[in-house]
Structure formats: C-alpha cells, structure tokens
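*Asks:* First the structure, then my questions, so here it is.
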Amino acid sequence: METNPLWYKDAVIYQLHVKSFCDSNGDGVGDFKGLTSRLDYLEELGVDCLWLLPMYPSPFRDDGYDIADYYSIHPGYGTLEDFREFLVEAHGRGLRVITELVLNHTSDQHAWFKEARSARDHPRRDWYVWSDTDDRYAGVRIIFLDTEQSNWAWDPVSKAYYWHRFFSHQPDLNFDNPAVREEICNVMKFWLDMGVDGFRVDAVPYLIERDGSSCENLPETHDVLKFIRARLDAQFEAKVLLAEANQWPDDVRAYFGDGDEFHMAFHFPLMPRMFMALRLEDRKPLVEIVERTPAIPETCQWGIFLRNHDELTLEMVTDVERDYMYEEYARDPVARLNLGIRRRLAPLLEGDRRRIELMNGLLMSLPGSPIVYYGDEIGMGDNIYLGDRNGVRTPMQWNGGWNGGFSTADPERLAQPLISNPVFGYQAVNVESQRRTDHSLLNWMRRLIRVRRSTRVFSRGSISFLSPANHRVLAYTRSLDGDTVLVVNNLSGTAQVAELDLRALEGAIPIEMFGRSLFPRIGELPYMLTLGPYDFYWFKLRWL
Amino acid sequence: MTQATLLSDDLLRRLISVGQVDVLVGVPTLNNADTIAGALQAVDEALTQHFARARTVVIAADGGSRDGTVEIVGTTAPEGGDRYRGLRTRHRFVAAYRGVPGRAAAIRLIFTAADLLQARAVAVVDPEAGALTPAAIGGLLRPVGADSFDLAAPVRARHPLERLLVTQLIRPLVRAAYGRQLDEPLLTEFACSGRFAAHCLAEDAWDRSPMREGIELWLAVTALSGRFRACQTVVEAAPPGPSARPRLGLQDVFAPLVGSLFAALEAHAGAWQRDVPSEPVPVIGGDHPPPHEGTAGAPSGLGGTFAQDVRDLRPVLESILAPDTFTALAAVAEAAGSEAPRYTDEVWVSTVYDFAAAYHAGVIDRAHIVKALMPLYVGRVASFVTRHAAAAPGEAAQNLETLAQQFERSKPYLIERWNRTP
C-alpha cells in the first residue's frame with residue numbers, strides 16, 4: 001500500500017453493504033468471501049477505498065446499525081478469518097477499507113445493555129443513560145419522526161427510562177462514563193490492529209446529553225472525540241476517522257477541530273442542493289452552499305456523495321426547499337421517509353443517462369472525496385415498497401442470470417429481493433452487460449474516475465466560482481500549485497450559451513480532459529462556450 | 001421605432017442569459033433615484049414570498065435616467081441581500097429603451113422581453129415608493145400565475161371624490177361600452193399573462209397617438225374587448241410616498257386619456273356595439289372595498305367660468321353635440337351663471353356620447369374635439385363635487401353607481417349616434 005498519510009484526501013470511496021454485494025455460499029446473504037471474489041471489479045472501477053456498512057453481529061432491526069457485539073463478524077457474513085483474508089486481498093489491490101463504528105448506541109441485545117438493565121447497581125448500569133422520568137432533556141428533537149414519539153423508552157426490566165436518539169431498541173451509550181470511552185478505544189484498536197484503515201463514525205453529534213441543550217454538538221461531545229482521536233494517533237498512522245454529522249457546514253466544521261478530531265466529515269447539505277440545482281436548472285443553491293462552507297484544516301477533507309444507504313436526507317434544507325424536493329423527486333408519498341427520500345440515483349433522475357453523468361461529473365469535480373454508492377455506477381434502481389431504507393439496499397446486479405449473479409440461492413431465500421422491473425431490473429441493468437459495451441455507464445464511470453484521479457487538483461485544489469450571466473451554467477476553476485482545471489456544467493435540459501470572464505486566465509489553452517481536444521486560447525474577451533443539454537466540460541489549462 | 005430595433009445587443013445578451021421565465025416584473029423608470037430602491041425591495045419580497053419556486057426576472061425599463069436610477073438598480077441586486085431566500089437565481093437589470101420616454105415605450109419593452117422569455121405572468125410596477133406593497137404585487141401576480149387570468153388590475157378603497165376623470169368619464173364609459181365593471185381602467189400597475197402581452201405587442205397602438213399617450217387605458221380596453229379573462233385584486237390604499245415626481249395637471253392628462261378612450265372605441269367598435277348589461281369583473285383577495293372615509297382632496301372653486309366657456313365654445317359645440325344635447329347644455333350653463341352648474345347625469349352622458357360619435361365622425365379636428373370636452377368636464381366635476389361636498393362618501397359612491405347605470409341605459413343612444421355618422 002502507498003504510504004501516503006493523507007490518502008483519504010485523494011480517495012474515491014466506494015460504499016457497499018456486504019450483505020447485498022455477493023453471496024459465496026448460496027444462503028441468500030452476501031458475505032466476505034463473496035466480496036473478496038469481486039475485488040477485481042472494484043479495482044477495475046478505479047476506486048481506492050471501500051467503506052463497508054455494519055458487519056457486526058446484530059439483530060438487524062436497523063440493518064446492522066444496532067450492534068450486538070463489536071468484536072466479531074455477523075455470522076451470515078462469514079468469520080473473522082474471512083474478514084482478515086478480505087483485508088489482505090483488498091490491500092493487495094491498493095484498496096483501503098474503512099468500516100462502520102457506531103459510537104452513539106448499541107443494540108438492546110448487546111451484552112452491555114443486558115447487563116446494564118439487569119440491576120440498578122450493576123457495574124455496567126452507568127454505560128447507558130437512565131432516568132426515572134421521561135421529561136429530562138425536554139425539547140430535544142426526535143430524529144426518526146415516523147417511528148418514534150420520544151427519546152426515552154421504558155425498560156420494564158429495571159423499571160426506568162433509557163435514552164435513545166434513534167430507534168427505541170438502540171439505547172445510547174453514556175460517554176460521560178470514562179469506562180465507555182476506554183472500551184470504544186479498545187474496539188477501535190481491535191480492528192485497526194487487524195488492518196482496517198479507518199472508521200466511518202455514525203451519529204457523532206449525539207454522544208453527550210446536557211439539560212437545557214439540544215443534546216447535539218455539545219462541547220463535551222468534542223472532548224470525547226478529541227480523546228478518541230488522540231488515542232488513535234498515538235497508536236496508528238495513516239488511519240482515518242470519517243464523521244457522520246448531518247449538520248450545517250458551520251456546525252460540522254467543529255468536528256474537524258484543529259485537525260485533532262475527525263479527518264473527514266460528510267458534507268450533508270451539499271447533496272440535496274446538487275439535486276435541487278439540477279431540477280431548478282439553476283446553480284444558485286449549489287454555489288450558495290459551497291460558498292458558505294468554511295475552510296477546514298489542511299489535513300482534513302470533506303466526504304461528498306450523491307446517494308448512500310440512507311434516505312436522501314432533507315434535514316439540512318429550508319421548508320421551502322424541502323417542499324420543492326418532495327414535489328420534484330418524491331411525488332409518490334411512499335418514496336418519502338422521515339425527512340427525506342428513499343431512492344437511488346438513477347430512479348431519482350428518471351434513468352436519464354445525461355443527468356446521471358452530469359451529477360457524477362459534479363461529484364467528481366467539487367471539493368471533497370467522492371463516495372460512490374454500490375450499484376450507482378451501473379444505474380441500479382430501487383424498490384420503495386420494501387420498507388424503511390431497504391429499497392436502496394437490494395442485491396448488486398452482476399449479470400442477467402440467476403439472481404442477477406448475486407447468489408445461487410433460491411430467489412425466495414434472498415435476504416433482500418432483487419430489483420426486477422423491466423427498466424432497472426437485473427436483466428436490463430447489470431455489470432456483465434455493461435462491461436461489454438464501451439459506452440455503458442459503467443465504463444463511462446471508470447473513465448470519469450480515471451480522469452478525476454489523474455490530477456490532485458480535484459481532490460486538494462481550491463475552488464473559485466465564475467459568474468456567467470446564464471444561471472443555468474455552473475462554472476468553476478479548481479487550482480493547486482499552479483495547475484488549474486476549468487469546469488463548466490450545463491444544468492439545464494436545453495442547449496445553453498455561456499460567456500465566461502476568463503481574463504485572469506488569459507493566454508491559457510483549454511484542453512478537454514476526456515478527449516484531450518484543444519480549445520481556442522483564452523483571451524481578453526469573454527470566452528464563449530455552447531453546451532448541449534446537461535453537458536459538462538473539464539478543461540485542463542495549459543500555458544504554452 | 002420598429003420592434004426589431006427595440007432590443008439592443010446588450011439587452012438581447014441579457015435575455016439569453018435569463019432564459020425562459022415564469023414571472024417577469026417590469027418597472028418603468030425615469031429619474032426615480034429617490035424611490036426605486038424601495039420599489040425593487042417590494043418586488044423582491046413579493047417574488048420571494050409568493051413565487052419562491054418560480055423563475056423570475058426583474059427588468060427596469062429606463063427612459064434615460066440621469067439621476068443615478070440605473071446605478072441603483074444595478075447595485076441593489078437581490079442575490080447579495082440576506083433577505084433573499086428564493087430557490088433560484090433572480091435576474092435583475094436595466095434595459096434602456098430608445099425614443100421618446102414614456103410608459104408606452106417602457107411597457108412595450110417589458111412586453112417584448114416577456115414574449116421572448118415566454119413569461120407566464122408579467123407585472124408592471126410603478127417605481128414610486130410604496131405604491132404597491134409586496135403583498136399587493138403578489139396579489140396581482142397570483143391570479144395570472146396560478147389561475148389563468150389574463151389581466152389583474154388593482155382595486156383600492158378610494159374616496160368617491162378622488163380621481164374624478166376616472167369616475168365621471170372613463171370608468172362609466174368603459175363599463176357601458178365593454179360591458180365590464182372595472183374599477184381602475186387606468187392600468188398604472190397591473191399584472192397580465194404572457195398571452196395578453198404577446199397579443200398587445202401585435203397591436204399597432206404603441207407608435208400611434210393618442211393611444212401611445214394613454215397606453216394604460218388602451219391596455220385595459222384591449223383586455224376587456226377581447227377574449228381575455230380579467231380580474232381585480234384588492235390592494236391596500238397606497239400610502240403617500242416620497243415622490244419627487246411633479247403632479248400632472250388636468251390639461252396634461254385629459255387629452256391623452258380621453259383621446260385614447262375615444263380611439264379605443266373606434267378600434268374596437270366591433271366588440272362593443274351590443275346593448276347588453278355589464279358584468280362585474282371578479283374581485284380576488286377580499287370583498288370589493290367600500291369607499292374611503294377620509295377627506296377627498298377634491299378640487300374646489302371649479303365651474304365659475306362654465307357658462308362663459310359654453311358661450312365661447314358655442315360654434316364648436318354645435319358642430320359636435322346633437323341639438324337636444326346642446327339645448328340642454330345651454331340651459332345648464334344659463335342657469336349656472338357664475339356659480340357651479342347643476343350638470344345632470346342625463347345631460348352629461350349625452351354630452352360624452354355625442355363627443356365620442358363626433359370623434360368617430362371627425363366632424364372637426366379630433367384634437368379639437370377632445371380639447372372642447374375639457375371645460376364641460378370641469379363643469380360636470382364642479383357640479384358633482386358641489387353636490388356631494390357635505391355628503392357621506394357612501395352617498396357619493398351610490399351616485400357614481402347611478403351615473404354608471406345612466407351610461408349603460410343610454411348606450412343605445414351612443415350606438416345610434418355612432419352609426420349615424422359616416
């Protein structure tokens with residue numbers, strides 16, 4: 001493996017669910033042996049980091065985010081030995097691996113919680129947050145509005161309420177307890193010693209509770225995170241902590257600290273605004289959110305994405321924006337979940353190849369490390385009728401044959417049904433058929449990732465927006481150490497003209513980065529470009 | 001000026017950048033530096049509140065301002081303000097038109113832009129501060145943008161002794177002729193559909209006098225005489241703003257407006273020559289406002305020269321008026337002496353209709369015909385104001401309705417007179 005301590009700043013991350021990726025033993029559930037068998041595919045795709053959704057033993061009432069044992073592998077996914085072999089094979093292909101670390105809560109089936117509830121004087125009692133009444137921390141928002149009515153749940157065993165910010169079967173750990181912090185560090189060390197390259201840390205704003213507060217983003221939470229980061233740095237090199245904090249950029253900024261908390265954090269508000277800008281055919285929402293994104297320490301990086309395993313969250317938008325997004329992207333109420341939309345990329349964009357390409361072009365050219373959700377590279381569909389967010393976690397579609405090449409099990413035995421409709425089903429959308437076609441979405445994505453990785457301008461460069469009068473055109477330059485890339489996107493479904501004020505780049509020759517075509521030299525006059533519907537250009541600028 | 005030269009290359013480039021829009025707001029400007037910022041703020045707030053999702057553009061159609069108006073429009077762009085929370089980019093720019101400054105040229109440019117940008121709804125907003133609130137602008141645009149009306153005109157609570165040219169002449173004649181009860185036929189501010197704007201653009205009124213000078217009236221009459229859906233929206237009475245605009249005298253507005261009114265009758269003769277009762281134009285956003293209870297600021301001391309004016313104009317009036325009308329008018333004048341006359345509804349309506357028919361016939365120079373009506377109008381105003389000076393506003397308003405009904409009852413007379421003349 002390359003020994004670049006800042007590797008995560010340049011990474012193209014691929015997010016996958018072991019259970020849904022490839023089943024090696026025909027039991028209907030994806031596993032690590034299956035995943036290992038598909039590493040060549042991921043290497044070909046060109047990504048360089050895999051982010052695995054929870055792989056721990058779990059009752060799976062929240063798709064694995066309800067962990068019942070932090071030191072093992074869910075039996076359905078294989079064994080610790082399978083996982084070690086997977087790590088070796090991935091590293092051998094230059095693929096780093098980050099896993100989930102659910103800090104905030106455990107499953108109510110975790111031994112810690114079972115012990116804690118067993119007696120009020122049990123030594124682990126204080127590993128969770130208890131109360132004799134359900135009115136403490138009044139006013140704290142409920143996150144899963146569709147299913148929960150309170151952040152407190154009654155425990156009939158110990159006859160007290162326990163605190164939970166997510167589902168009631170996920171009691172929050174008590175991070176005021178030093179023993180909890182210590183144990184979490186032990187968990188991390190266990191996996192890092194094995195070779196894991198980092199963690200995506202779930203639900204970080206909620207670690208600490210205080211009366212009279214929102215119980216989110218508290219200073220004490222940052223103290224916990226600094227403690228964890230310091231322990232990590234003391235023991236390991238070139239590892240990464242990626243924060244899940246669905247907050248405004250100004251609030252997320254605090255999770256980078258002075259480079260002493262998280263290495264990375266998701267940029268949640270950017271994602272819905274990319275979709276909004278596309279539907280509005282207007283760059284305004286996208287430019288606004290990028291421009292109000294604060295600078296972060298040199299060693300830190302944003303994680304940006306189009307879709308992931310959760311709903312397209314609309315928490316970080318205004319009411320007007322949320323209404324617009326629902327109306328434009330989720331007219332069917334079944335597609336709406338909590339404050340979001342449970343759909344994959346391709347169905348959101350009505351399977352429109354041009355829009356899918358444009359959105360991926362934005363993902364790969366805006367500041368941050370892009371994260372591709374498994375299956376989106378081939379345009380997989382979803383099933384909004386599966387309940388919760390399961391509809392975007394269906395089996396990977398490898399070919400048009402039995403179970404889409406995912407498993408040899410009887411179809412009825414699959415942990416999740418395949419997408420089978422004529423438009424997005426595995427017979428129409430699969431890896432094998434797209435591998436055979438040069439101009440398939442899959443091969444286009446490979447080229448896109450290759451071009452993205454051809455320069456560090458995209459991953460580390462600064463961004464400067466241009467302001468062409470045509471608001472349907474989103475144009476920006478990315479610059480790093482004398483290298484400049486000009487990106488011009490047409491957000492509309494009709495041909496557009498853009499007059500770009502490029503006087504600051506006078507004398508440069510734009511070279512289109514996909515076809516290496518030369519464009520006229522930039523002069524004093526406005527630089528005129530015409531773009532077809534949803535077209536985009538990446539120009540490397542050369543002064544020759 | 002032809003339409004081809006209406007758009008400068010710079011304006012065309014700006015329109016290309018704007019692209020298709022849902023709502024276009026046009027603000028005719030000419031040396032409005034004192035008030036334009038407030039007007040634009042009202043427009044921005046209206047668009048943000050009522051059209052958050054819509055593609056919008058605000059165009060100041062400027063007739064050559066030299067007081068900094070243009071610069072103010074350019075430097076108070078909505079994007080920079082914390083107030084602006086719309087989803088989309090809002091374009092705003094100044095479009096200078098060439099030729100004689102005036103509302104016709106400004107509105108023509110606004111309509112042209114709306115046509116090119118395929119705007120669904122267009123609003124024309126007066127730059128005088130406070131003339132329309134954000135709620136009122138939104139109220140005007142909504143029926144057009146959401147309910148497929150072609151024209152939305154404001155309706156306000158007014159004192160019955162205000163805007164006497166409208167209440168004594170224009171409103172009742174429009175009502176009688178076109179069969180539609182529109183309170184404010186002078187469209188200083190209004191909203192209209194893109195379809196209506198495109199229709200008006202194809203008319204030849206823009207360069208022709210007197211329609212050009214009375215374009216606000218022309219637009220209203222065009223809407224009422226065609227297959228267009230019109231409505232009125234209730235707006236609050238405009239608070240007096242810090243306008244530096246000089247008030248126009250009667251002699252400045254009478255001839256253009258009355259000339260335009262008569263010319264419109266001629267242009268739309270096929271549309272109004274049926275004797276059918278009028279219908280209300282639907283009022284949206286509340287009930288029709290009752291008359292304003294405040295003081296009217298009505299003119300006083302009028303009518304003292306009425307008898308002398310009638311005597312002086314006798315040869316002209318005899319060529320215009322029907323004999324019975326002239327006899328009745330002469331009697332009114334004779335009785336008045338040096339006082340305000342008692343100019344009855346019946347005689348006034350006959351007077352107006354005779355003048356309209358004479359205008360159509362061109363019995364003498366049309367400008368002279370219109371000019372000759374002005375002293376009679378002053379006498380009628382003196383009569384009405386004197387009679388209602390001490391009356392409750394409700395009583396005066398009721399008598400305005402009686403006058404309007406008289407105009408309607410006498411419409412067969414207008415048709416007969418109109419068609420008798422070659």
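Please note that chains go A, B, ... in the order of the structure tokens, that every chain numbers its residues from 1, and that ligands are numbered from 1 in the order shown.
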Do you have, as JSON lines, the list of residues of chain B lying at most 10 Å from chain A, each with its nearest atom pair and that distance in Å to one decimal, counting only C-alpha atoms and ordered by chain then number?

*Replies:*
{"residue": "B:Arg13", "atom": "CA", "partner": "A:Ala469", "partner_atom": "CA", "distance": 8.9}
{"residue": "B:Arg14", "atom": "CA", "partner": "A:Ala469", "partner_atom": "CA", "distance": 7.2}
{"residue": "B:Leu15", "atom": "CA", "partner": "A:Asn470", "partner_atom": "CA", "distance": 9.1}
{"residue": "B:Ile16", "atom": "CA", "partner": "A:Asn470", "partner_atom": "CA", "distance": 7.4}
{"residue": "B:Ser17", "atom": "CA", "partner": "A:Asn470", "partner_atom": "CA", "distance": 3.9}
{"residue": "B:Val18", "atom": "CA", "partner": "A:Asn470", "partner_atom": "CA", "distance": 6.0}
{"residue": "B:Gly19", "atom": "CA", "partner": "A:Asn470", "partner_atom": "CA", "distance": 7.8}
{"residue": "B:Ala52", "atom": "CA", "partner": "A:Val320", "partner_atom": "CA", "distance": 7.6}
{"residue": "B:Arg53", "atom": "CA", "partner": "A:Tyr324", "partner_atom": "CA", "distance": 7.5}
{"residue": "B:Ala54", "atom": "CA", "partner": "A:Leu280", "partner_atom": "CA", "distance": 9.0}
{"residue": "B:Arg55", "atom": "CA", "partner": "A:Leu280", "partner_atom": "CA", "distance": 8.5}
{"residue": "B:Glu79", "atom": "CA", "partner": "A:Lys284", "partner_atom": "CA", "distance": 9.1}
{"residue": "B:Arg85", "atom": "CA", "partner": "A:Val320", "partner_atom": "CA", "distance": 9.3}
{"residue": "B:Gly86", "atom": "CA", "partner": "A:Val320", "partner_atom": "CA", "distance": 8.6}
{"residue": "B:Leu87", "atom": "CA", "partner": "A:Pro285", "partner_atom": "CA", "distance": 6.7}
{"residue": "B:Arg88", "atom": "CA", "partner": "A:Lys284", "partner_atom": "CA", "distance": 5.9}
{"residue": "B:Thr89", "atom": "CA", "partner": "A:Lys284", "partner_atom": "CA", "distance": 5.6}
{"residue": "B:Arg90", "atom": "CA", "partner": "A:His471", "partner_atom": "CA", "distance": 9.0}
{"residue": "B:His91", "atom": "CA", "partner": "A:Ala469", "partner_atom": "CA", "distance": 8.6}

*Asks:* How would you write, as a ChimeraX atom specification, the set of residues in stretch 178-384 of chain B that DSSP gives as alpha helix (DSSP H)?

*Replies:* /B:178,194-201,215-225,250-267,269-272,306-312,314-320,323-336,345-361,366-384

*Asks:* Identify, on the basis of only C-alpha atoms, every residue whose closest approach to stretch 336-340 of chain B does not exceed 7 Å; exclude the query and any residue fewer than 6 positions from it along the same chain; express the result as a list in words.

*Replies:*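 Once the adjacent positions are removed, what remains is Leu302, Gly303, Gly304, Thr305, Ala307, Gly379, Ala382 and Ser383 of chain B.
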
*Asks:* Store the residues picked out above, limited to N, CA and C atoms, as a PDB file, in the first residue's frame.

*Replies:*
ATOM      1  N   LEU B 302     -64.366  75.214  -8.718  1.00  0.00           N
ATOM      2  CA  LEU B 302     -64.497  74.972 -10.149  1.00  0.00           C
ATOM      3  C   LEU B 302     -65.865  75.438 -10.632  1.00  0.00           C
ATOM      4  N   GLY B 303     -65.963  75.623 -11.926  1.00  0.00           N
ATOM      5  CA  GLY B 303     -67.262  75.810 -12.532  1.00  0.00           C
ATOM      6  C   GLY B 303     -67.710  77.249 -12.667  1.00  0.00           C
ATOM      7  N   GLY B 304     -66.954  78.170 -12.100  1.00  0.00           N
ATOM      8  CA  GLY B 304     -67.352  79.563 -12.165  1.00  0.00           C
ATOM      9  C   GLY B 304     -67.360  80.116 -13.570  1.00  0.00           C
ATOM     10  N   THR B 305     -66.563  79.523 -14.456  1.00  0.00           N
ATOM     11  CA  THR B 305     -66.479  80.024 -15.826  1.00  0.00           C
ATOM     12  C   THR B 305     -67.252  79.147 -16.791  1.00  0.00           C
ATOM     13  N   ALA B 307     -70.431  78.809 -17.647  1.00  0.00           N
ATOM     14  CA  ALA B 307     -71.381  79.454 -18.559  1.00  0.00           C
ATOM     15  C   ALA B 307     -70.637  80.212 -19.663  1.00  0.00           C
ATOM     16  N   GLY B 379     -67.011  71.488 -15.707  1.00  0.00           N
ATOM     17  CA  GLY B 379     -68.329  71.866 -15.214  1.00  0.00           C
ATOM     18  C   GLY B 379     -69.043  70.695 -14.558  1.00  0.00           C
ATOM     19  N   ALA B 382     -67.461  70.101 -11.233  1.00  0.00           N
ATOM     20  CA  ALA B 382     -67.904  71.125 -10.272  1.00  0.00           C
ATOM     21  C   ALA B 382     -69.298  70.802  -9.773  1.00  0.00           C
ATOM     22  N   SER B 383     -70.131  70.365 -10.679  1.00  0.00           N
ATOM     23  CA  SER B 383     -71.492  70.029 -10.304  1.00  0.00           C
ATOM     24  C   SER B 383     -71.513  68.896  -9.285  1.00  0.00           C
TER      25      SER B 383
END

*Asks:* For stretch 144-151 of chain A, work out the shell of residues within 7 Å, counting only C-alpha atoms and skipping chain neighbours fewer than 2 positions away, then give it as an NGL selection string.

*Replies:* :A and (142 or 153 or 163-167 or 338)

*Asks:* Dump C-alpha atoms for the selected residues as a PDB file, in the first residue's frame?

*Replies:*
ATOM      1  CA  ILE A 142     -36.790  13.307  17.624  1.00  0.00           C
ATOM      2  CA  ALA A 153     -38.073   4.361  26.281  1.00  0.00           C
ATOM      3  CA  TRP A 163     -32.278   7.496  26.414  1.00  0.00           C
ATOM      4  CA  HIS A 164     -32.214   6.784  22.682  1.00  0.00           C
ATOM      5  CA  ARG A 165     -31.801   9.320  19.889  1.00  0.00           C
ATOM      6  CA  PHE A 166     -32.602   6.780  17.216  1.00  0.00           C
ATOM      7  CA  PHE A 167     -34.828   3.712  17.463  1.00  0.00           C
ATOM      8  CA  ASN A 338     -38.505  10.623   7.826  1.00  0.00           C
TER       9      ASN A 338
END

*Asks:* So, with only C-alpha atoms as the atoms that count, which of A:Leu474, A:Leu541, A:Leu314, A:Ala295 lies closest to A:Leu505?

*Replies:*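 Closest residue, counting only C-alpha atoms: A:Leu541.
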
*Asks:* From the options A:Leu362, A:Val431, A:Ile419, A:Leu480, which residue's atoms come nearest to A:Ile384, counting only C-alpha atoms?

*Replies:*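 Between A:Leu362, A:Val431, A:Ile419, A:Leu480, the residue approaching A:Ile384 most closely is A:Ile419.
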
*Asks:* Tell me which protein, DNA and RNA residues are within 10 Å of A:Val180, counting only C-alpha atoms, leaving out same-chain ones fewer than 5 positions away, and put them as a list of chain:residue names.

*Replies:*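 Once the nearby chain positions are removed, what remains is A:Leu103, A:Arg124, A:Asp126, A:Trp127, A:Tyr128, A:Leu173, A:Asn174, A:Phe175, A:Cys185, A:Asn186.
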
*Asks:* Using C-alpha atoms, can you export the residues from the last selection as a compact mmCIF listing (two decimals), in the first residue's frame?

*Replies:*
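Full text of again_5.txt as output:
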# COMPACT_ATOMS: atom_id res chain seq x y z
CA LEU A 103 -20.44 5.00 18.82
CA ARG A 124 -22.38 -1.55 33.58
CA ASP A 126 -23.86 3.58 34.01
CA TRP A 127 -22.78 2.64 30.50
CA TYR A 128 -26.16 3.87 29.32
CA LEU A 173 -24.13 4.80 25.36
CA ASN A 174 -23.14 7.11 28.20
CA PHE A 175 -19.96 8.85 27.10
CA CYS A 185 -10.91 2.76 22.08
CA ASN A 186 -10.39 -0.95 22.65

*Asks:* Write out as a PyMOL selection string the residues lying within 9 Å of B:Phe111, counting only C-alpha atoms and excluding same-chain residues fewer than 5 positions away.

*Replies:* chain B and resi 26+106+116+122+194+197-198+200-201

*Asks:* For B:Gln406, find every residue with an atom within 7 Å (counting only C-alpha atoms), except residues of its own chain fewer than 4 positions away, and show them as number ranges by chain.

*Replies:* B: 345-346, 402, 410

*Asks:* Record the distance separating atom CA of A:Leu363 and atom CA of A:Ser462, expressed in Å with one decimal.

*Replies:*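 These atoms are spaced 15.3 Å apart.
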
*Asks:* How many Å lie between atom CA of A:Thr79 and atom CA of A:Lys33, rounded to one decimal?

*Replies:*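 Computing the Euclidean distance for atom CA of A:Thr79 and atom CA of A:Lys33 yields 9.5 Å.
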
*Asks:* Mind pulling up the distance from atom CA of A:Val157 to atom CA of A:Lys114?

*Replies:*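 Atom CA of A:Val157 lies 9.5 Å from atom CA of A:Lys114.
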
*Asks:* Please identify which residues in stretch 55-251 of chain A DSSP calls strand (DSSP E or B) from the backbone, and express them as a VMD selection string.

*Replies:* chain A and resid 96 to 102 105 128 130 to 131 152 to 155 160 to 163 172 to 173 198 to 202 240 to 243

*Asks:* Can you write out the residues you just picked, keeping N, CA and C atoms, as a JSON list (two decimals), in the first residue's frame?

*Replies:*
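Wrote it out as result-v3.json, contents follow:
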[["chain", "number", "residue", "atom", "x", "y", "z"],
["A", 96, "ARG", "N", -8.07, 0.47, 0.13],
["A", 96, "ARG", "CA", -8.17, 0.59, 1.58],
["A", 96, "ARG", "C", -9.59, 0.24, 2.03],
["A", 97, "VAL", "N", -9.73, -0.01, 3.31],
["A", 97, "VAL", "CA", -11.03, -0.45, 3.83],
["A", 97, "VAL", "C", -11.35, 0.34, 5.09],
["A", 98, "ILE", "N", -12.50, 0.96, 5.10],
["A", 98, "ILE", "CA", -12.99, 1.56, 6.33],
["A", 98, "ILE", "C", -14.31, 0.91, 6.70],
["A", 99, "THR", "N", -14.53, 0.77, 7.97],
["A", 99, "THR", "CA", -15.73, 0.09, 8.44],
["A", 99, "THR", "C", -16.55, 1.04, 9.30],
["A", 100, "GLU", "N", -17.71, 0.58, 9.65],
["A", 100, "GLU", "CA", -18.60, 1.39, 10.48],
["A", 100, "GLU", "C", -18.19, 1.30, 11.95],
["A", 101, "LEU", "N", -18.28, 2.40, 12.62],
["A", 101, "LEU", "CA", -18.12, 2.40, 14.07],
["A", 101, "LEU", "C", -19.31, 3.16, 14.63],
["A", 102, "VAL", "N", -20.23, 2.40, 15.19],
["A", 102, "VAL", "CA", -21.43, 3.02, 15.74],
["A", 102, "VAL", "C", -21.15, 3.34, 17.20],
["A", 105, "HIS", "N", -24.71, 4.41, 20.13],
["A", 105, "HIS", "CA", -25.65, 3.48, 20.75],
["A", 105, "HIS", "C", -25.27, 2.05, 20.41],
["A", 128, "TYR", "N", -25.05, 3.32, 30.11],
["A", 128, "TYR", "CA", -26.16, 3.87, 29.32],
["A", 128, "TYR", "C", -26.77, 5.04, 30.09],
["A", 130, "TRP", "N", -29.86, 6.68, 31.91],
["A", 130, "TRP", "CA", -31.11, 6.25, 32.55],
["A", 130, "TRP", "C", -31.79, 7.43, 33.23],
["A", 131, "SER", "N", -33.08, 7.26, 33.42],
["A", 131, "SER", "CA", -33.83, 8.28, 34.15],
["A", 131, "SER", "C", -35.10, 7.65, 34.72],
["A", 152, "TRP", "N", -37.07, 8.87, 25.00],
["A", 152, "TRP", "CA", -36.97, 7.98, 26.16],
["A", 152, "TRP", "C", -37.79, 6.72, 25.89],
["A", 153, "ALA", "N", -37.30, 5.60, 26.36],
["A", 153, "ALA", "CA", -38.07, 4.36, 26.28],
["A", 153, "ALA", "C", -38.08, 3.71, 27.66],
["A", 154, "TRP", "N", -39.18, 3.11, 27.97],
["A", 154, "TRP", "CA", -39.35, 2.47, 29.28],
["A", 154, "TRP", "C", -38.73, 1.07, 29.26],
["A", 155, "ASP", "N", -37.91, 0.82, 30.26],
["A", 155, "ASP", "CA", -37.33, -0.51, 30.38],
["A", 155, "ASP", "C", -38.08, -1.26, 31.49],
["A", 160, "ALA", "N", -37.07, 1.70, 34.56],
["A", 160, "ALA", "CA", -36.56, 3.07, 34.38],
["A", 160, "ALA", "C", -36.57, 3.38, 32.88],
["A", 161, "TYR", "N", -36.44, 4.66, 32.59],
["A", 161, "TYR", "CA", -36.37, 5.06, 31.18],
["A", 161, "TYR", "C", -34.92, 5.09, 30.72],
["A", 162, "TYR", "N", -34.68, 4.68, 29.50],
["A", 162, "TYR", "CA", -33.33, 4.85, 28.92],
["A", 162, "TYR", "C", -33.43, 5.77, 27.70],
["A", 163, "TRP", "N", -32.35, 6.46, 27.46],
["A", 163, "TRP", "CA", -32.28, 7.50, 26.41],
["A", 163, "TRP", "C", -31.88, 6.87, 25.08],
["A", 172, "ASP", "N", -28.69, 4.69, 23.90],
["A", 172, "ASP", "CA", -27.46, 5.47, 23.75],
["A", 172, "ASP", "C", -26.45, 5.10, 24.82],
["A", 173, "LEU", "N", -25.21, 4.99, 24.39],
["A", 173, "LEU", "CA", -24.13, 4.80, 25.36],
["A", 173, "LEU", "C", -23.89, 6.09, 26.13],
["A", 198, "GLY", "N", -9.63, 2.62, 8.76],
["A", 198, "GLY", "CA", -10.33, 3.72, 9.42],
["A", 198, "GLY", "C", -11.77, 3.39, 9.67],
["A", 199, "PHE", "N", -12.47, 4.37, 10.19],
["A", 199, "PHE", "CA", -13.87, 4.15, 10.55],
["A", 199, "PHE", "C", -14.73, 5.30, 10.04],
["A", 200, "ARG", "N", -15.88, 4.92, 9.58],
["A", 200, "ARG", "CA", -16.94, 5.90, 9.38],
["A", 200, "ARG", "C", -17.72, 5.88, 10.70],
["A", 201, "VAL", "N", -17.71, 6.99, 11.40],
["A", 201, "VAL", "CA", -18.25, 7.03, 12.75],
["A", 201, "VAL", "C", -19.68, 7.56, 12.68],
["A", 202, "ASP", "N", -20.58, 6.74, 13.16],
["A", 202, "ASP", "CA", -22.01, 7.00, 12.99],
["A", 202, "ASP", "C", -22.51, 7.99, 14.04],
["A", 240, "VAL", "N", -8.00, 6.79, 9.26],
["A", 240, "VAL", "CA", -8.93, 7.90, 9.07],
["A", 240, "VAL", "C", -10.20, 7.71, 9.89],
["A", 241, "LEU", "N", -10.66, 8.82, 10.40],
["A", 241, "LEU", "CA", -11.98, 8.85, 11.05],
["A", 241, "LEU", "C", -12.88, 9.76, 10.22],
["A", 242, "LEU", "N", -14.00, 9.22, 9.81],
["A", 242, "LEU", "CA", -14.94, 9.95, 8.96],
["A", 242, "LEU", "C", -16.23, 10.16, 9.75],
["A", 243, "ALA", "N", -16.62, 11.41, 9.91],
["A", 243, "ALA", "CA", -17.75, 11.73, 10.78],
["A", 243, "ALA", "C", -19.06, 11.75, 10.03]]
